file protein_39.csv (CSV, C-alpha atoms)
chain,number,residue,atom,x,y,z
M,1,ASP,CA,0.2,20.1,-1.1
M,2,ALA,CA,-0.6,18.2,-4.3
M,3,GLY,CA,0.1,14.9,-2.8
M,4,VAL,CA,2.4,12.2,-4.3
M,5,ILE,CA,2.7,12.8,-8.0
M,6,GLN,CA,3.5,10.0,-10.4
M,7,SER,CA,4.1,10.1,-14.1
M,8,PRO,CA,3.2,8.8,-16.6
M,9,ARG,CA,-0.2,7.6,-15.5
M,10,HIS,CA,-0.3,5.0,-18.3
M,11,GLU,CA,2.6,3.5,-20.3
M,12,VAL,CA,2.3,1.0,-23.1
M,13,THR,CA,5.6,-0.3,-24.4
M,14,GLU,CA,7.0,-3.2,-26.3
M,15,MET,CA,9.0,-6.0,-24.8
M,16,GLY,CA,12.7,-5.1,-24.6
M,17,GLN,CA,12.2,-1.4,-24.3
M,18,GLU,CA,13.4,0.7,-21.4
M,19,VAL,CA,10.7,2.0,-19.1
M,20,THR,CA,11.2,4.9,-16.6
M,21,LEU,CA,8.6,5.7,-14.0
M,22,ARG,CA,8.7,8.9,-12.0
M,23,CYS,CA,7.6,10.0,-8.6
M,24,LYS,CA,7.5,13.2,-6.6
M,25,PRO,CA,6.9,12.6,-2.9
M,26,ILE,CA,5.2,15.0,-0.6
M,27,SER,CA,7.5,17.8,0.4
M,28,GLY,CA,9.2,17.1,3.8
M,29,HIS,CA,8.6,13.4,3.7
M,30,ASP,CA,11.7,11.4,4.4
M,31,TYR,CA,10.5,8.0,3.3
M,32,LEU,CA,9.7,7.0,-0.3
M,33,PHE,CA,8.3,3.6,-1.3
M,34,TRP,CA,7.8,1.8,-4.6
M,35,TYR,CA,5.2,-0.9,-4.9
M,36,ARG,CA,3.9,-3.1,-7.6
M,37,GLN,CA,0.4,-4.4,-7.8
M,38,THR,CA,-0.9,-7.3,-9.8
M,39,MET,CA,-4.0,-9.6,-9.5
M,40,MET,CA,-1.8,-12.6,-9.0
M,41,ARG,CA,0.7,-11.2,-6.5
M,42,GLY,CA,-1.2,-8.4,-4.8
M,43,LEU,CA,0.7,-5.4,-3.6
M,44,GLU,CA,4.4,-5.9,-3.3
M,45,LEU,CA,7.0,-3.6,-1.8
M,46,LEU,CA,9.9,-3.3,-4.3
M,47,ILE,CA,12.2,-0.8,-2.6
M,48,TYR,CA,12.2,2.0,-0.1
M,49,PHE,CA,14.4,5.0,0.6
M,50,ASN,CA,15.0,7.0,3.7
M,51,ASN,CA,16.6,10.5,3.2
M,52,ASN,CA,17.3,9.5,-0.4
M,53,VAL,CA,19.3,6.4,0.6
M,54,PRO,CA,17.9,3.0,-0.5
M,55,ILE,CA,17.3,1.0,2.7
M,56,ASP,CA,15.7,-2.2,1.5
M,57,ASP,CA,15.6,-3.4,-2.1
M,58,SER,CA,14.9,-7.0,-1.3
M,59,GLY,CA,11.6,-6.8,-3.2
M,60,MET,CA,13.2,-5.8,-6.5
M,61,PRO,CA,12.4,-8.8,-8.7
M,62,GLU,CA,15.7,-8.9,-10.7
M,63,ASP,CA,18.5,-6.9,-12.1
M,64,ARG,CA,16.3,-5.5,-14.8
M,65,PHE,CA,14.8,-3.2,-12.1
M,66,SER,CA,16.6,-0.3,-10.7
M,67,ALA,CA,15.5,2.7,-8.6
M,68,LYS,CA,17.2,6.0,-7.8
M,69,MET,CA,16.4,9.0,-5.6
M,70,PRO,CA,18.8,11.7,-6.7
M,71,ASN,CA,17.2,14.3,-4.3
M,72,ALA,CA,14.4,14.6,-1.8
M,73,SER,CA,11.8,15.5,-4.4
M,74,PHE,CA,12.3,13.0,-7.1
M,75,SER,CA,12.7,9.3,-7.6
M,76,THR,CA,12.7,7.0,-10.6
M,77,LEU,CA,12.0,3.3,-11.1
M,78,LYS,CA,13.6,1.9,-14.3
M,79,ILE,CA,13.0,-1.4,-16.0
M,80,GLN,CA,15.5,-2.4,-18.7
M,81,PRO,CA,14.7,-4.4,-20.7
M,82,SER,CA,11.0,-4.7,-20.0
M,83,GLU,CA,9.1,-8.0,-20.3
M,84,PRO,CA,5.3,-8.7,-20.5
M,85,ARG,CA,5.4,-10.1,-17.0
M,86,ASP,CA,6.3,-6.6,-15.8
M,87,SER,CA,2.8,-5.4,-16.7
M,88,ALA,CA,1.3,-4.1,-13.5
M,89,VAL,CA,0.3,-1.0,-11.6
M,90,TYR,CA,3.3,0.7,-10.0
M,91,PHE,CA,2.6,2.9,-7.0
M,92,CYS,CA,4.9,5.3,-5.2
M,93,ALA,CA,4.2,6.3,-1.6
M,94,SER,CA,5.8,8.6,0.9
M,95,SER,CA,5.7,9.1,4.6
M,96,GLY,CA,7.1,11.6,7.1
M,97,LEU,CA,8.2,9.3,9.9
M,98,ALA,CA,9.1,5.6,10.2
M,99,GLY,CA,6.0,3.6,10.6
M,100,SER,CA,3.6,6.5,10.1
M,101,GLU,CA,0.9,6.7,7.5
M,102,GLN,CA,1.9,6.4,3.9
M,103,PHE,CA,0.5,8.6,1.2
M,104,PHE,CA,0.1,6.9,-2.1
M,105,GLY,CA,0.2,8.3,-5.6
M,106,PRO,CA,-2.3,7.5,-8.3
M,107,GLY,CA,-0.1,4.8,-9.8
M,108,THR,CA,1.3,4.1,-13.2
M,109,ARG,CA,-0.4,1.4,-15.2
M,110,LEU,CA,2.3,-0.3,-17.3
M,111,THR,CA,1.5,-2.6,-20.1
M,112,VAL,CA,4.4,-4.4,-21.8
M,113,LEU,CA,3.4,-6.0,-25.1
U,1,SER,CA,8.8,-9.5,7.8
U,2,GLN,CA,5.6,-8.2,9.3
U,3,GLN,CA,2.5,-8.9,7.2
U,4,GLY,CA,-1.1,-8.8,8.0
U,5,GLU,CA,-3.6,-11.4,6.8
U,6,GLU,CA,-7.1,-10.1,6.2
U,7,ASP,CA,-10.2,-12.1,6.6
U,8,PRO,CA,-12.6,-12.6,4.9
U,9,GLN,CA,-11.2,-12.3,1.4
U,10,ALA,CA,-14.5,-11.0,0.2
U,11,LEU,CA,-17.6,-9.6,1.8
U,12,SER,CA,-20.9,-8.6,0.3
U,13,ILE,CA,-23.5,-6.6,2.2
U,14,GLN,CA,-26.5,-4.4,1.7
U,15,GLU,CA,-26.3,-0.6,2.1
U,16,GLY,CA,-27.0,0.3,5.7
U,17,GLU,CA,-25.6,-2.8,7.2
U,18,ASN,CA,-22.3,-3.0,9.2
U,19,ALA,CA,-19.2,-4.6,7.7
U,20,THR,CA,-16.5,-6.2,9.8
U,21,MET,CA,-13.2,-7.4,8.6
U,22,ASN,CA,-10.4,-8.9,10.5
U,23,CYS,CA,-6.6,-8.8,10.5
U,24,SER,CA,-4.1,-11.2,12.0
U,25,TYR,CA,-0.4,-10.9,12.3
U,26,LYS,CA,2.5,-12.9,13.8
U,27,THR,CA,5.0,-10.7,15.7
U,28,SER,CA,4.9,-7.8,18.1
U,29,ILE,CA,4.0,-4.5,16.7
U,30,ASN,CA,4.5,-0.7,17.1
U,31,ASN,CA,1.2,0.1,15.4
U,32,LEU,CA,-1.3,-1.2,12.9
U,33,GLN,CA,-2.7,0.7,10.0
U,34,TRP,CA,-5.8,0.2,7.9
U,35,TYR,CA,-6.0,1.4,4.2
U,36,ARG,CA,-8.7,1.5,1.6
U,37,GLN,CA,-8.2,1.1,-2.1
U,38,ASN,CA,-11.0,2.0,-4.6
U,39,SER,CA,-10.8,0.3,-7.9
U,40,GLY,CA,-8.0,1.8,-10.1
U,41,ARG,CA,-6.8,4.1,-7.4
U,42,GLY,CA,-3.9,4.3,-4.9
U,43,LEU,CA,-4.3,3.2,-1.3
U,44,VAL,CA,-5.7,5.7,1.2
U,45,HIS,CA,-4.8,5.6,4.8
U,46,LEU,CA,-7.9,5.2,7.1
U,47,ILE,CA,-6.7,4.9,10.6
U,48,LEU,CA,-3.6,4.0,12.7
U,49,ILE,CA,-3.9,2.3,16.1
U,50,ARG,CA,-0.9,2.1,18.4
U,51,SER,CA,0.1,-1.0,20.3
U,52,ASN,CA,-1.0,0.5,23.6
U,53,GLU,CA,-4.4,1.3,22.3
U,54,ARG,CA,-7.4,-1.0,22.3
U,55,GLU,CA,-10.0,0.9,20.3
U,56,LYS,CA,-10.1,3.8,18.0
U,57,HIS,CA,-12.9,5.6,16.2
U,58,SER,CA,-13.0,7.8,13.1
U,59,GLY,CA,-16.4,8.7,11.8
U,60,ARG,CA,-18.2,5.5,10.8
U,61,LEU,CA,-15.0,3.5,11.4
U,62,ARG,CA,-14.1,1.6,14.5
U,63,VAL,CA,-10.9,-0.3,14.9
U,64,THR,CA,-10.0,-2.6,17.7
U,65,LEU,CA,-6.7,-4.1,18.6
U,66,ASP,CA,-6.0,-7.2,20.7
U,67,THR,CA,-2.2,-7.6,21.0
U,68,SER,CA,-2.6,-10.8,23.1
U,69,LYS,CA,-4.4,-12.4,20.1
U,70,LYS,CA,-2.3,-10.6,17.5
U,71,SER,CA,-5.5,-9.4,15.8
U,72,SER,CA,-7.3,-6.3,14.8
U,73,SER,CA,-10.8,-5.7,13.4
U,74,LEU,CA,-12.2,-2.9,11.3
U,75,LEU,CA,-15.9,-2.1,11.6
U,76,ILE,CA,-17.7,0.1,9.1
U,77,THR,CA,-21.1,1.1,10.4
U,78,ALA,CA,-24.1,2.0,8.3
U,79,SER,CA,-22.3,1.1,5.1
U,80,ARG,CA,-22.8,3.0,1.9
U,81,ALA,CA,-22.3,2.0,-1.8
U,82,ALA,CA,-19.3,4.4,-1.8
U,83,ASP,CA,-17.6,2.1,0.8
U,84,THR,CA,-17.2,-0.5,-1.9
U,85,ALA,CA,-13.4,-1.0,-2.0
U,86,SER,CA,-10.6,-3.3,-0.9
U,87,TYR,CA,-9.4,-2.9,2.6
U,88,PHE,CA,-5.9,-3.7,3.8
U,89,CYS,CA,-4.2,-3.9,7.2
U,90,ALA,CA,-0.6,-3.2,7.7
U,91,PRO,CA,1.1,-4.0,11.0
U,92,VAL,CA,4.2,-2.1,11.7
U,93,GLY,CA,6.7,-4.2,13.5
U,94,SER,CA,8.2,-3.2,16.8
U,95,SER,CA,11.5,-2.5,15.2
U,96,ASN,CA,9.7,0.1,13.2
U,97,THR,CA,11.9,0.2,10.1
U,98,GLY,CA,9.3,2.2,8.2
U,99,LYS,CA,8.4,-0.7,6.0
U,100,LEU,CA,4.8,-1.9,5.5
U,101,ILE,CA,3.9,-5.3,4.1
U,102,PHE,CA,0.4,-5.5,2.7
U,103,GLY,CA,-1.7,-8.7,2.5
U,104,GLN,CA,-4.2,-9.6,-0.1
U,105,GLY,CA,-6.9,-7.5,1.5
U,106,THR,CA,-10.7,-7.8,2.0
U,107,THR,CA,-12.8,-6.9,-1.0
U,108,LEU,CA,-16.0,-5.3,0.3
U,109,GLN,CA,-19.1,-4.9,-1.9
U,110,VAL,CA,-21.9,-2.7,-0.6
U,111,LYS,CA,-25.1,-3.2,-2.7
U,112,PRO,CA,-27.4,-0.3,-2.9
call {"tool": "encode", "arguments": {"input": "protein_39.csv", "output": "structure tokens"}}
result
Amino acid sequence: DAGVIQSPRHEVTEMGQEVTLRCKPISGHDYLFWYRQTMMRGLELLIYFNNNVPIDDSGMPEDRFSAKMPNASFSTLKIQPSEPRDSAVYFCASSGLAGSEQFFGPGTRLTVL
Amino acid sequence: SQQGEEDPQALSIQEGENATMNCSYKTSINNLQWYRQNSGRGLVHLILIRSNEREKHSGRLRVTLDTSKKSSSLLITASRAADTASYFCAPVGSSNTGKLIFGQGTTLQVKP
């Protein structure tokens, strides 16, 4: 298996633009997680899905952020409109069982100018 | 929510020395996991220890768990420069929702 795949790896955009981050979890994994990492706030859980259903989105910072999982092999995290304070590394992770080890993707480094 | 707190925040040692980092948490757990993050990379799972286990080994890693003290430790023996990374613990609460909450981590520097 190729592991968790994220795209793009780097994204530079201007304030106000829409940003879409993509994730392909490991095949057969029922859980998918979106995290954001900054120096100031560390690694924050934004939202996670079980069997394509959002379970906990309490970490989503505000309405500008939305996440979807239309099928078991694809998820998106969208920011609209983007702001400079959204600049961070966004990680996607997946796991097979509740509370089992999580496999992280390489991350998307987002810079909003 | 269940979050681990790592201590120390930073650790600097010489190659060949042992490195010990600690994790404390607040509520009962199902298991506790340790992860490593190299600079610019995603987290990598190192080891999982269940609540009914006291010690676990994996190569040069040794993890202990004391549920009465709500603490865990990660020992890396005979450290190498390649062990330079941030290390995070993630306790999984007994309700086991699947969610992991990561702390700030311990940044380990191993000098050659």
call {"tool": "closest_residue", "arguments": {"input": "protein_39.csv", "among": "U:Gln9, U:Gln3, U:Asn38, U:Thr97", "to": "chain M", "atoms": "only C-alpha atoms"}}
result
U:Thr97
call {"tool": "closest_atom_pairs", "arguments": {"input": "protein_39.csv", "of": "region 9-102 of chain M", "to": "region 11-35 of chain U", "cutoff": "9 Å", "atoms": "only C-alpha atoms", "output": "tab-separated table"}}
result
residue	atom	partner	partner_atom	distance
M:Gly99	CA	U:Asn31	CA	7.6
M:Ser100	CA	U:Gln33	CA	8.6
M:Glu101	CA	U:Gln33	CA	7.4
call {"tool": "residues_around", "arguments": {"input": "protein_39.csv", "residues": "Leu32 (chain M)", "least_positions_apart": "2", "cutoff": "6 Å", "atoms": "all atoms listed in the file", "output": "PyMOL selection string"}}
result
chain M and resi 48-49+93-94
call {"tool": "interface_residues", "arguments": {"input": "protein_39.csv", "of": "chain U", "to": "chain M", "cutoff": "9 Å", "atoms": "only C-alpha atoms", "output": "PyMOL selection string"}}
result
chain U and resi 30-31+33+40-48+92-93+96-105
call {"tool": "atom_distance", "arguments": {"input": "protein_39.csv", "atom1": "CA of Lys70 (chain U)", "atom2": "CA of Ile49 (chain U)"}}
result
13.1 Å
call {"tool": "decode", "arguments": {"input": "protein_39.csv", "residues": "region 4-21 of chain U", "atoms": "N, CA and C atoms", "output": "short mmCIF file (atom, residue, chain, number, x, y, z; two decimals), in the first residue's frame"}}
result
data_model
loop_
_atom_site.label_atom_id
_atom_site.label_comp_id
_atom_site.auth_asym_id
_atom_site.auth_seq_id
_atom_site.Cartn_x
_atom_site.Cartn_y
_atom_site.Cartn_z
N GLY U 4 -2.27 13.99 26.32
CA GLY U 4 -1.06 13.74 27.06
C GLY U 4 -0.20 14.99 27.13
N GLU U 5 0.55 15.08 28.20
CA GLU U 5 1.50 16.19 28.34
C GLU U 5 2.89 15.59 28.46
N GLU U 6 3.75 15.97 27.51
CA GLU U 6 5.10 15.41 27.48
C GLU U 6 6.07 16.27 28.28
N ASP U 7 7.03 15.62 28.83
CA ASP U 7 8.05 16.29 29.63
C ASP U 7 9.37 15.53 29.46
N PRO U 8 10.52 16.19 29.24
CA PRO U 8 10.65 17.65 29.11
C PRO U 8 10.17 18.14 27.76
N GLN U 9 10.13 19.44 27.58
CA GLN U 9 9.76 19.99 26.28
C GLN U 9 10.89 19.80 25.28
N ALA U 10 12.14 19.86 25.79
CA ALA U 10 13.29 19.70 24.91
C ALA U 10 14.37 18.92 25.65
N LEU U 11 15.10 18.14 24.87
CA LEU U 11 16.14 17.28 25.43
C LEU U 11 17.30 17.21 24.44
N SER U 12 18.51 17.42 24.94
CA SER U 12 19.68 17.36 24.07
C SER U 12 20.69 16.40 24.68
N ILE U 13 21.11 15.41 23.92
CA ILE U 13 22.04 14.40 24.42
C ILE U 13 23.10 14.10 23.36
N GLN U 14 24.11 13.36 23.76
CA GLN U 14 25.14 12.91 22.84
C GLN U 14 24.76 11.55 22.28
N GLU U 15 25.21 11.31 21.07
CA GLU U 15 25.01 10.01 20.45
C GLU U 15 25.52 8.91 21.37
N GLY U 16 24.75 7.84 21.46
CA GLY U 16 25.16 6.74 22.32
C GLY U 16 24.52 6.77 23.70
N GLU U 17 24.07 7.95 24.11
CA GLU U 17 23.40 8.06 25.41
C GLU U 17 21.95 7.61 25.29
N ASN U 18 21.35 7.39 26.44
CA ASN U 18 19.93 7.05 26.48
C ASN U 18 19.10 8.32 26.62
N ALA U 19 17.91 8.29 26.05
CA ALA U 19 16.98 9.43 26.16
C ALA U 19 15.69 8.94 26.80
N THR U 20 15.25 9.67 27.79
CA THR U 20 13.98 9.33 28.45
C THR U 20 13.05 10.52 28.40
N MET U 21 11.84 10.27 27.94
CA MET U 21 10.81 11.30 27.96
C MET U 21 9.55 10.75 28.60
#
